[in-house]
Amino acid sequence: MSMKIPLALLAIVSFNLLAQVLPVHEPLRILILSDEVNPHNLTDQELTQPGDISSALNATTALNSPLVLEIPTNQIEQVTTELLREESDPLAYDVLIYFAHRIPDDGNNAQSRQNAFVVAVEQFLQKGGGVISFHHGIYLTSGKNGMQNLLGAQATGSVPWNTTDGQDVINVAGDHFIANYAMNYPLQIAYENTALSIPAAIYPAFNNTPDERYPQMVFNSGNTGCDIQPVFESDYQQNGGNHLLAYSKHCPLWKSQVFVYQPGEYQPNALSGNNFQILLNAIYYLSAYRWDIVYVSGFD
């Protein structure tokens with residue numbers, strides 16, 4: 001699915017490419033599940049840490065007075081409770097941001113609590129809540145298989161830290177709202193990925209340097225009957241030259257969808273500029289576009 005943006009609106013947005021902006025919207029309720037992983041021994045100023053995403057969302061003027069609640073992975077049952085609220089409940093959340101590298105590690109029925117959370121996430125999608133997997137949310141660690149099946153992909157293996165070339169973030173999604181609204185693409189890159197039916201063409205792109213690369217990020221077998229659209233890819237030559245960075249997933253019983261975005265390790269890039277705009281665009285898009293509503297203003 002994609003969103004058509006009026007040319008007049010794009011013209012207005014183009015004057016403000018350095019600051020985050022969104023279309024006018026109602027206040028949103030955003031729930032975050034998070035934990036820390038730091039394989040490259042980055043400093044607090046370099047690493048996107050638990051608490052950083054909620055702080056950035058609360059600080060931006062692009063969101064209209066959001067209510068942002070961030071909960072650590074070891075308190076996952078609190079997130080489960082919030083996700084199970086009825087759609088009509090005024091305290092129900094609009095979007096879940098999944099920033100969890102692991103399941104609970106406090107030794108207290110960790111796997112059963114994780115499994116209950118996954119069930120609640122799917123019910124949340126069925127009721128119209130959107131789910132964003134940010135950075136290490138898509139990485140597979142012990143006990144996360146059920147969540148990765150729901151998200152639709154998994155990253156495994158080494159995750160090199162590249163400080164010289166980083167990775168190019170290539171927009172392969174055409175006019176998709178998440179990839180286009182208020183975005184600035186200084187690069188034009190020739191790219192194709194026949195395995196994902198992405199034709200050879202010149203695509204708009206931007207570069208993240210430094211960045212953490214996920215050379216082994218692939219779709220899994222839990223996507224039967226679901227619609228998946230690659231949104232961003234990269235072309236660095238490591239474990240091949242085609243690398244999935246972001247995609248959307250919608251399944252028949254869901255009123256909303258999943259959006260997965262891999263870049264996000266290096267905080268100065270992740271929570272500013274294009275990367276942060278992508279996160280904001282996803283929050284807005286997943287809350288505004290519903291499969292159970294025939295028409296929402298601005299969408300087709």
# chains A, B, ... in the order shown; residues from 1 in each chain; ligands from 1

$ select_by_dssp --residues "range 52-286 of chain A" --states "helix (DSSP H, G or I)" --output "PyMOL selection string"
chain A and resi 52-59+73-83+110-127+135-138+145-151+177-180+194-196+267-270+273-286

$ write_last_selection --atoms "C-alpha atoms" --output "PDB file, in the first residue's frame"
ATOM      1  CA  ASP A  52      16.482   7.783  24.290  1.00  0.00           C
ATOM      2  CA  ILE A  53      13.605   7.061  21.910  1.00  0.00           C
ATOM      3  CA  SER A  54      10.918   8.249  24.317  1.00  0.00           C
ATOM      4  CA  SER A  55      12.960  11.376  25.104  1.00  0.00           C
ATOM      5  CA  ALA A  56      13.313  12.165  21.402  1.00  0.00           C
ATOM      6  CA  LEU A  57       9.605  11.593  20.727  1.00  0.00           C
ATOM      7  CA  ASN A  58       8.609  13.805  23.632  1.00  0.00           C
ATOM      8  CA  ALA A  59      10.988  16.548  22.516  1.00  0.00           C
ATOM      9  CA  THR A  73      11.991  -5.719  28.714  1.00  0.00           C
ATOM     10  CA  ASN A  74      12.130  -7.196  32.209  1.00  0.00           C
ATOM     11  CA  GLN A  75       8.726  -5.622  32.842  1.00  0.00           C
ATOM     12  CA  ILE A  76       7.254  -7.040  29.633  1.00  0.00           C
ATOM     13  CA  GLU A  77       3.996  -8.062  31.322  1.00  0.00           C
ATOM     14  CA  GLN A  78       3.151  -4.379  31.785  1.00  0.00           C
ATOM     15  CA  VAL A  79       3.376  -3.910  28.022  1.00  0.00           C
ATOM     16  CA  THR A  80       1.229  -7.000  27.514  1.00  0.00           C
ATOM     17  CA  THR A  81      -1.453  -5.516  29.767  1.00  0.00           C
ATOM     18  CA  GLU A  82      -1.450  -2.241  27.826  1.00  0.00           C
ATOM     19  CA  LEU A  83      -1.668  -4.008  24.467  1.00  0.00           C
ATOM     20  CA  ALA A 110      10.757 -15.419  31.117  1.00  0.00           C
ATOM     21  CA  GLN A 111       9.641 -17.480  28.117  1.00  0.00           C
ATOM     22  CA  SER A 112       6.001 -17.691  29.165  1.00  0.00           C
ATOM     23  CA  ARG A 113       5.925 -13.935  29.708  1.00  0.00           C
ATOM     24  CA  GLN A 114       7.489 -13.413  26.292  1.00  0.00           C
ATOM     25  CA  ASN A 115       4.961 -15.771  24.685  1.00  0.00           C
ATOM     26  CA  ALA A 116       2.040 -13.920  26.297  1.00  0.00           C
ATOM     27  CA  PHE A 117       3.481 -10.664  24.970  1.00  0.00           C
ATOM     28  CA  VAL A 118       3.642 -12.034  21.405  1.00  0.00           C
ATOM     29  CA  VAL A 119      -0.003 -13.108  21.596  1.00  0.00           C
ATOM     30  CA  ALA A 120      -0.919  -9.623  22.805  1.00  0.00           C
ATOM     31  CA  VAL A 121       1.056  -7.996  19.965  1.00  0.00           C
ATOM     32  CA  GLU A 122      -0.902  -9.946  17.349  1.00  0.00           C
ATOM     33  CA  GLN A 123      -4.197  -9.042  19.025  1.00  0.00           C
ATOM     34  CA  PHE A 124      -3.028  -5.414  19.059  1.00  0.00           C
ATOM     35  CA  LEU A 125      -2.493  -5.563  15.276  1.00  0.00           C
ATOM     36  CA  GLN A 126      -5.912  -7.144  14.813  1.00  0.00           C
ATOM     37  CA  LYS A 127      -7.515  -4.289  16.761  1.00  0.00           C
ATOM     38  CA  HIS A 135      16.982  -1.532  15.084  1.00  0.00           C
ATOM     39  CA  HIS A 136      17.782  -4.542  17.332  1.00  0.00           C
ATOM     40  CA  GLY A 137      14.109  -5.476  17.633  1.00  0.00           C
ATOM     41  CA  ILE A 138      14.574  -7.565  14.487  1.00  0.00           C
ATOM     42  CA  ASN A 145      11.372 -16.857  17.576  1.00  0.00           C
ATOM     43  CA  GLY A 146       7.660 -16.197  18.033  1.00  0.00           C
ATOM     44  CA  MET A 147       8.150 -12.441  17.815  1.00  0.00           C
ATOM     45  CA  GLN A 148      10.391 -12.718  14.763  1.00  0.00           C
ATOM     46  CA  ASN A 149       7.745 -14.843  13.016  1.00  0.00           C
ATOM     47  CA  LEU A 150       5.198 -12.135  13.752  1.00  0.00           C
ATOM     48  CA  LEU A 151       7.516  -9.377  12.527  1.00  0.00           C
ATOM     49  CA  PHE A 177       4.556   7.766   2.663  1.00  0.00           C
ATOM     50  CA  ILE A 178       7.093   6.435   5.187  1.00  0.00           C
ATOM     51  CA  ALA A 179       9.912   6.677   2.647  1.00  0.00           C
ATOM     52  CA  ASN A 180       8.982  10.068   1.202  1.00  0.00           C
ATOM     53  CA  THR A 194      15.698  -9.641  -8.293  1.00  0.00           C
ATOM     54  CA  ALA A 195      15.082 -11.942  -5.321  1.00  0.00           C
ATOM     55  CA  LEU A 196      12.614  -9.374  -3.957  1.00  0.00           C
ATOM     56  CA  GLN A 267      22.204   7.822  18.259  1.00  0.00           C
ATOM     57  CA  PRO A 268      23.303  11.058  16.507  1.00  0.00           C
ATOM     58  CA  ASN A 269      22.008   9.586  13.230  1.00  0.00           C
ATOM     59  CA  ALA A 270      19.137   7.473  14.521  1.00  0.00           C
ATOM     60  CA  GLY A 273      17.556  13.824  10.333  1.00  0.00           C
ATOM     61  CA  ASN A 274      16.233  11.251   7.890  1.00  0.00           C
ATOM     62  CA  ASN A 275      16.311   8.273  10.256  1.00  0.00           C
ATOM     63  CA  PHE A 276      14.217  10.017  12.884  1.00  0.00           C
ATOM     64  CA  GLN A 277      11.855  11.319  10.197  1.00  0.00           C
ATOM     65  CA  ILE A 278      11.357   7.716   9.038  1.00  0.00           C
ATOM     66  CA  LEU A 279      10.440   6.691  12.592  1.00  0.00           C
ATOM     67  CA  LEU A 280       7.986   9.588  12.871  1.00  0.00           C
ATOM     68  CA  ASN A 281       6.508   8.856   9.451  1.00  0.00           C
ATOM     69  CA  ALA A 282       5.964   5.235  10.501  1.00  0.00           C
ATOM     70  CA  ILE A 283       4.252   6.274  13.741  1.00  0.00           C
ATOM     71  CA  TYR A 284       1.907   8.577  11.852  1.00  0.00           C
ATOM     72  CA  TYR A 285       1.259   6.166   8.973  1.00  0.00           C
ATOM     73  CA  LEU A 286       0.512   3.135  11.140  1.00  0.00           C
TER      74      LEU A 286
END

$ closest_atom_pairs --of "range 9-87 of chain A" --to "range 92-103 of chain A" --cutoff "6 Å" --atoms "only C-alpha atoms" --output "JSON lines"
{"residue": "A:Arg29", "atom": "CA", "partner": "A:Tyr93", "partner_atom": "CA", "distance": 4.7}
{"residue": "A:Ile30", "atom": "CA", "partner": "A:Val95", "partner_atom": "CA", "distance": 5.1}
{"residue": "A:Leu31", "atom": "CA", "partner": "A:Leu96", "partner_atom": "CA", "distance": 4.8}
{"residue": "A:Ile32", "atom": "CA", "partner": "A:Ile97", "partner_atom": "CA", "distance": 4.7}
{"residue": "A:Leu33", "atom": "CA", "partner": "A:Tyr98", "partner_atom": "CA", "distance": 5.3}
{"residue": "A:Ser34", "atom": "CA", "partner": "A:Phe99", "partner_atom": "CA", "distance": 4.5}
{"residue": "A:Asp35", "atom": "CA", "partner": "A:Ala100", "partner_atom": "CA", "distance": 5.2}
{"residue": "A:Arg85", "atom": "CA", "partner": "A:Ala92", "partner_atom": "CA", "distance": 5.6}

$ write_last_selection --atoms "C-alpha atoms" --output "PDB file, in the first residue's frame"
ATOM      1  CA  ARG A  29      -0.320   7.238  22.450  1.00  0.00           C
ATOM      2  CA  ILE A  30       3.006   5.484  21.881  1.00  0.00           C
ATOM      3  CA  LEU A  31       4.226   2.441  23.831  1.00  0.00           C
ATOM      4  CA  ILE A  32       7.883   1.353  23.757  1.00  0.00           C
ATOM      5  CA  LEU A  33       9.476  -1.918  24.917  1.00  0.00           C
ATOM      6  CA  SER A  34      13.248  -1.530  25.174  1.00  0.00           C
ATOM      7  CA  ASP A  35      16.543  -2.904  26.398  1.00  0.00           C
ATOM      8  CA  ARG A  85      -6.831  -2.867  26.165  1.00  0.00           C
TER       9      ARG A  85
END

$ closest_residue --among "A:Leu187, A:Gly152, A:Gly264, A:Trp161" --to "Thr224 in chain A" --atoms "only C-alpha atoms"
A:Gly152

$ select_by_dssp --residues "range 116-262 of chain A" --states "strand (DSSP E or B)" --output "number ranges by chain"
A: 130-134, 139, 153-155, 161-162, 167-171, 187-193, 198-208, 211-212, 217-219, 227-234, 243-250, 258-261

$ closest_residue --among "A:His25, A:Lys255, A:Arg290, A:Lys249" --to "Val231 in chain A" --atoms "only C-alpha atoms"
A:Lys249

$ residues_around --residues "Ala201 in chain A" --least-positions-apart "3" --cutoff "9 Å" --atoms "only C-alpha atoms" --output "MDAnalysis selection string"
chainID A and resid 189:192 198

$ write_last_selection --atoms "C-alpha atoms" --output "tab-separated table (two decimals), in the first residue's frame"
chain	number	residue	atom	x	y	z
A	189	ILE	CA	22.07	4.97	-6.63
A	190	ALA	CA	21.73	2.26	-9.28
A	191	TYR	CA	20.30	-0.81	-7.57
A	192	GLU	CA	18.28	-3.97	-8.10
A	198	ILE	CA	13.03	-4.84	-7.08

$ residues_around --residues "Asp235 in chain A" --least-positions-apart "3" --cutoff "8 Å" --atoms "only C-alpha atoms" --output "VMD selection string"
chain A and resid 167 to 168 191 241 to 243

$ residues_around --residues "Pro160 in chain A" --least-positions-apart "2" --cutoff "7 Å" --atoms "only C-alpha atoms" --output "PyMOL selection string"
chain A and resi 158+162+212-213

$ write_last_selection --atoms "C-alpha atoms" --output "compact mmCIF listing (two decimals), in the first residue's frame"
# COMPACT_ATOMS: atom_id res chain seq x y z
CA SER A 158 27.80 -10.78 13.25
CA ASN A 162 31.54 0.39 9.93
CA GLU A 212 25.95 -0.99 12.32
CA ARG A 213 25.34 -3.39 9.45

$ atom_distance --atom1 "CA of Cys226 in chain A" --atom2 "CA of Gly129 in chain A"
16.8 Å

$ closest_residue --among "A:Asn223, A:Val159, A:Val169, A:Val218" --to "Gln238 in chain A" --atoms "only C-alpha atoms"
A:Val159

$ residues_around --residues "range 43-46 of chain A" --least-positions-apart "2" --cutoff "9 Å" --atoms "only C-alpha atoms" --output "list in words"
Asn41, Thr48, Gln49, Glu265, Tyr266, Gln267 and Pro268 of chain A

$ write_last_selection --atoms "C-alpha atoms" --output "CSV table (one decimal), in the first residue's frame"
chain,number,residue,atom,x,y,z
A,41,ASN,CA,31.3,-0.6,23.2
A,48,THR,CA,20.7,4.5,21.2
A,49,GLN,CA,19.8,3.5,24.8
A,265,GLU,CA,22.5,2.0,16.6
A,266,TYR,CA,24.3,5.3,16.3
A,267,GLN,CA,22.2,7.8,18.3
A,268,PRO,CA,23.3,11.1,16.5

$ residues_around --residues "Pro27 in chain A" --least-positions-apart "2" --cutoff "9 Å" --atoms "only C-alpha atoms" --output "PDB file with N, CA and C atoms, in the first residue's frame"
ATOM      1  N   HIS A  25      -2.377  15.984  13.026  1.00  0.00           N
ATOM      2  CA  HIS A  25      -2.964  14.728  13.498  1.00  0.00           C
ATOM      3  C   HIS A  25      -3.399  14.869  14.948  1.00  0.00           C
ATOM      4  N   ARG A  29      -0.837   7.948  21.287  1.00  0.00           N
ATOM      5  CA  ARG A  29      -0.320   7.238  22.450  1.00  0.00           C
ATOM      6  C   ARG A  29       0.670   6.187  21.951  1.00  0.00           C
ATOM      7  N   LEU A  63       5.264  15.654  16.549  1.00  0.00           N
ATOM      8  CA  LEU A  63       4.150  14.915  17.136  1.00  0.00           C
ATOM      9  C   LEU A  63       3.283  15.858  17.942  1.00  0.00           C
ATOM     10  N   ASN A  64       1.997  15.659  17.854  1.00  0.00           N
ATOM     11  CA  ASN A  64       1.037  16.521  18.534  1.00  0.00           C
ATOM     12  C   ASN A  64       0.792  16.010  19.948  1.00  0.00           C
ATOM     13  N   SER A  65       1.539  16.549  20.919  1.00  0.00           N
ATOM     14  CA  SER A  65       1.360  16.227  22.341  1.00  0.00           C
ATOM     15  C   SER A  65       1.202  14.723  22.572  1.00  0.00           C
ATOM     16  N   PRO A  66       2.203  13.937  22.201  1.00  0.00           N
ATOM     17  CA  PRO A  66       2.052  12.485  22.363  1.00  0.00           C
ATOM     18  C   PRO A  66       2.129  12.066  23.825  1.00  0.00           C
ATOM     19  N   LEU A  67       1.516  10.926  24.137  1.00  0.00           N
ATOM     20  CA  LEU A  67       1.737  10.285  25.412  1.00  0.00           C
ATOM     21  C   LEU A  67       2.644   9.104  25.131  1.00  0.00           C
TER      22      LEU A  67
END

$ closest_residue --among "A:Ile202, A:Ala288, A:Ala182, A:Ala155" --to "Gln262 in chain A" --atoms "only C-alpha atoms"
A:Ala155

$ closest_residue --among "A:Glu26, A:Asp211, A:Asp165, A:Asp292" --to "Tyr236 in chain A" --atoms "only C-alpha atoms"
A:Asp165

$ closest_residue --among "A:Pro215, A:Ala153, A:Gly174, A:Asn208" --to "Ile228 in chain A" --atoms "only C-alpha atoms"
A:Ala153

$ decode --residues "range 73-204 of chain A" --atoms "C-alpha atoms" --output "JSON list (two decimals), in the first residue's frame"
[["chain", "number", "residue", "atom", "x", "y", "z"],
["A", 73, "THR", "CA", 11.99, -5.72, 28.71],
["A", 74, "ASN", "CA", 12.13, -7.20, 32.21],
["A", 75, "GLN", "CA", 8.73, -5.62, 32.84],
["A", 76, "ILE", "CA", 7.25, -7.04, 29.63],
["A", 77, "GLU", "CA", 4.00, -8.06, 31.32],
["A", 78, "GLN", "CA", 3.15, -4.38, 31.78],
["A", 79, "VAL", "CA", 3.38, -3.91, 28.02],
["A", 80, "THR", "CA", 1.23, -7.00, 27.51],
["A", 81, "THR", "CA", -1.45, -5.52, 29.77],
["A", 82, "GLU", "CA", -1.45, -2.24, 27.83],
["A", 83, "LEU", "CA", -1.67, -4.01, 24.47],
["A", 84, "LEU", "CA", -4.72, -5.98, 25.57],
["A", 85, "ARG", "CA", -6.83, -2.87, 26.17],
["A", 86, "GLU", "CA", -9.95, -2.74, 24.01],
["A", 87, "GLU", "CA", -9.81, -0.53, 20.94],
["A", 88, "SER", "CA", -12.58, 1.65, 22.40],
["A", 89, "ASP", "CA", -10.60, 2.26, 25.60],
["A", 90, "PRO", "CA", -9.40, 5.90, 25.61],
["A", 91, "LEU", "CA", -6.21, 4.67, 27.29],
["A", 92, "ALA", "CA", -5.42, 2.25, 24.47],
["A", 93, "TYR", "CA", -2.17, 2.87, 22.63],
["A", 94, "ASP", "CA", -1.90, 3.62, 18.91],
["A", 95, "VAL", "CA", 1.60, 2.30, 18.21],
["A", 96, "LEU", "CA", 4.07, -0.11, 19.80],
["A", 97, "ILE", "CA", 7.79, 0.45, 19.18],
["A", 98, "TYR", "CA", 9.66, -2.82, 19.70],
["A", 99, "PHE", "CA", 13.24, -2.00, 20.68],
["A", 100, "ALA", "CA", 14.02, -5.25, 22.49],
["A", 101, "HIS", "CA", 17.12, -7.31, 21.75],
["A", 102, "ARG", "CA", 16.11, -10.12, 24.10],
["A", 103, "ILE", "CA", 13.33, -11.63, 26.16],
["A", 104, "PRO", "CA", 13.24, -10.96, 29.94],
["A", 105, "ASP", "CA", 16.43, -12.13, 31.63],
["A", 106, "ASP", "CA", 15.40, -11.93, 35.27],
["A", 107, "GLY", "CA", 14.73, -15.69, 35.46],
["A", 108, "ASN", "CA", 11.06, -15.37, 36.38],
["A", 109, "ASN", "CA", 9.03, -17.42, 33.84],
["A", 110, "ALA", "CA", 10.76, -15.42, 31.12],
["A", 111, "GLN", "CA", 9.64, -17.48, 28.12],
["A", 112, "SER", "CA", 6.00, -17.69, 29.17],
["A", 113, "ARG", "CA", 5.93, -13.94, 29.71],
["A", 114, "GLN", "CA", 7.49, -13.41, 26.29],
["A", 115, "ASN", "CA", 4.96, -15.77, 24.68],
["A", 116, "ALA", "CA", 2.04, -13.92, 26.30],
["A", 117, "PHE", "CA", 3.48, -10.66, 24.97],
["A", 118, "VAL", "CA", 3.64, -12.03, 21.40],
["A", 119, "VAL", "CA", 0.00, -13.11, 21.60],
["A", 120, "ALA", "CA", -0.92, -9.62, 22.80],
["A", 121, "VAL", "CA", 1.06, -8.00, 19.97],
["A", 122, "GLU", "CA", -0.90, -9.95, 17.35],
["A", 123, "GLN", "CA", -4.20, -9.04, 19.02],
["A", 124, "PHE", "CA", -3.03, -5.41, 19.06],
["A", 125, "LEU", "CA", -2.49, -5.56, 15.28],
["A", 126, "GLN", "CA", -5.91, -7.14, 14.81],
["A", 127, "LYS", "CA", -7.51, -4.29, 16.76],
["A", 128, "GLY", "CA", -5.76, -1.61, 14.70],
["A", 129, "GLY", "CA", -2.58, -0.92, 16.63],
["A", 130, "GLY", "CA", 0.59, -0.43, 14.61],
["A", 131, "VAL", "CA", 3.90, -2.13, 15.44],
["A", 132, "ILE", "CA", 7.34, -0.70, 14.64],
["A", 133, "SER", "CA", 10.43, -2.84, 15.12],
["A", 134, "PHE", "CA", 13.36, -0.46, 15.54],
["A", 135, "HIS", "CA", 16.98, -1.53, 15.08],
["A", 136, "HIS", "CA", 17.78, -4.54, 17.33],
["A", 137, "GLY", "CA", 14.11, -5.48, 17.63],
["A", 138, "ILE", "CA", 14.57, -7.56, 14.49],
["A", 139, "TYR", "CA", 17.66, -9.40, 15.78],
["A", 140, "LEU", "CA", 17.00, -13.01, 16.74],
["A", 141, "THR", "CA", 18.17, -14.07, 20.21],
["A", 142, "SER", "CA", 17.13, -17.04, 22.32],
["A", 143, "GLY", "CA", 13.38, -17.14, 22.94],
["A", 144, "LYS", "CA", 12.43, -14.47, 20.36],
["A", 145, "ASN", "CA", 11.37, -16.86, 17.58],
["A", 146, "GLY", "CA", 7.66, -16.20, 18.03],
["A", 147, "MET", "CA", 8.15, -12.44, 17.81],
["A", 148, "GLN", "CA", 10.39, -12.72, 14.76],
["A", 149, "ASN", "CA", 7.75, -14.84, 13.02],
["A", 150, "LEU", "CA", 5.20, -12.14, 13.75],
["A", 151, "LEU", "CA", 7.52, -9.38, 12.53],
["A", 152, "GLY", "CA", 8.29, -11.39, 9.41],
["A", 153, "ALA", "CA", 12.10, -11.45, 9.35],
["A", 154, "GLN", "CA", 15.13, -12.00, 11.49],
["A", 155, "ALA", "CA", 18.73, -10.86, 11.66],
["A", 156, "THR", "CA", 21.42, -13.25, 12.83],
["A", 157, "GLY", "CA", 25.20, -13.51, 12.93],
["A", 158, "SER", "CA", 27.80, -10.78, 13.25],
["A", 159, "VAL", "CA", 26.80, -7.12, 13.07],
["A", 160, "PRO", "CA", 29.92, -5.21, 11.96],
["A", 161, "TRP", "CA", 30.42, -1.61, 12.98],
["A", 162, "ASN", "CA", 31.54, 0.39, 9.93],
["A", 163, "THR", "CA", 32.99, 3.84, 10.47],
["A", 164, "THR", "CA", 34.28, 4.50, 6.94],
["A", 165, "ASP", "CA", 31.40, 3.80, 4.53],
["A", 166, "GLY", "CA", 28.52, 3.00, 6.87],
["A", 167, "GLN", "CA", 25.63, 1.95, 4.66],
["A", 168, "ASP", "CA", 23.48, 3.62, 2.03],
["A", 169, "VAL", "CA", 19.77, 3.67, 2.82],
["A", 170, "ILE", "CA", 18.09, 3.20, -0.56],
["A", 171, "ASN", "CA", 14.40, 4.00, -1.03],
["A", 172, "VAL", "CA", 12.98, 1.13, -3.11],
["A", 173, "ALA", "CA", 9.34, 1.75, -2.11],
["A", 174, "GLY", "CA", 8.28, 4.27, -4.75],
["A", 175, "ASP", "CA", 5.85, 6.83, -3.36],
["A", 176, "HIS", "CA", 5.31, 5.13, 0.02],
["A", 177, "PHE", "CA", 4.56, 7.77, 2.66],
["A", 178, "ILE", "CA", 7.09, 6.43, 5.19],
["A", 179, "ALA", "CA", 9.91, 6.68, 2.65],
["A", 180, "ASN", "CA", 8.98, 10.07, 1.20],
["A", 181, "TYR", "CA", 7.30, 12.50, 3.55],
["A", 182, "ALA", "CA", 9.74, 15.30, 4.56],
["A", 183, "MET", "CA", 12.71, 13.20, 3.48],
["A", 184, "ASN", "CA", 15.95, 14.47, 1.95],
["A", 185, "TYR", "CA", 17.78, 12.18, -0.49],
["A", 186, "PRO", "CA", 21.12, 13.64, -1.61],
["A", 187, "LEU", "CA", 22.17, 10.45, -3.45],
["A", 188, "GLN", "CA", 20.95, 8.62, -6.56],
["A", 189, "ILE", "CA", 22.07, 4.97, -6.63],
["A", 190, "ALA", "CA", 21.73, 2.26, -9.28],
["A", 191, "TYR", "CA", 20.30, -0.81, -7.57],
["A", 192, "GLU", "CA", 18.28, -3.97, -8.10],
["A", 193, "ASN", "CA", 17.30, -7.03, -6.09],
["A", 194, "THR", "CA", 15.70, -9.64, -8.29],
["A", 195, "ALA", "CA", 15.08, -11.94, -5.32],
["A", 196, "LEU", "CA", 12.61, -9.37, -3.96],
["A", 197, "SER", "CA", 11.33, -8.23, -7.37],
["A", 198, "ILE", "CA", 13.03, -4.84, -7.08],
["A", 199, "PRO", "CA", 13.86, -3.87, -10.68],
["A", 200, "ALA", "CA", 17.09, -2.31, -11.84],
["A", 201, "ALA", "CA", 16.68, 1.47, -11.60],
["A", 202, "ILE", "CA", 18.16, 4.64, -10.14],
["A", 203, "TYR", "CA", 16.81, 5.04, -6.60],
["A", 204, "PRO", "CA", 17.01, 7.96, -4.13]]
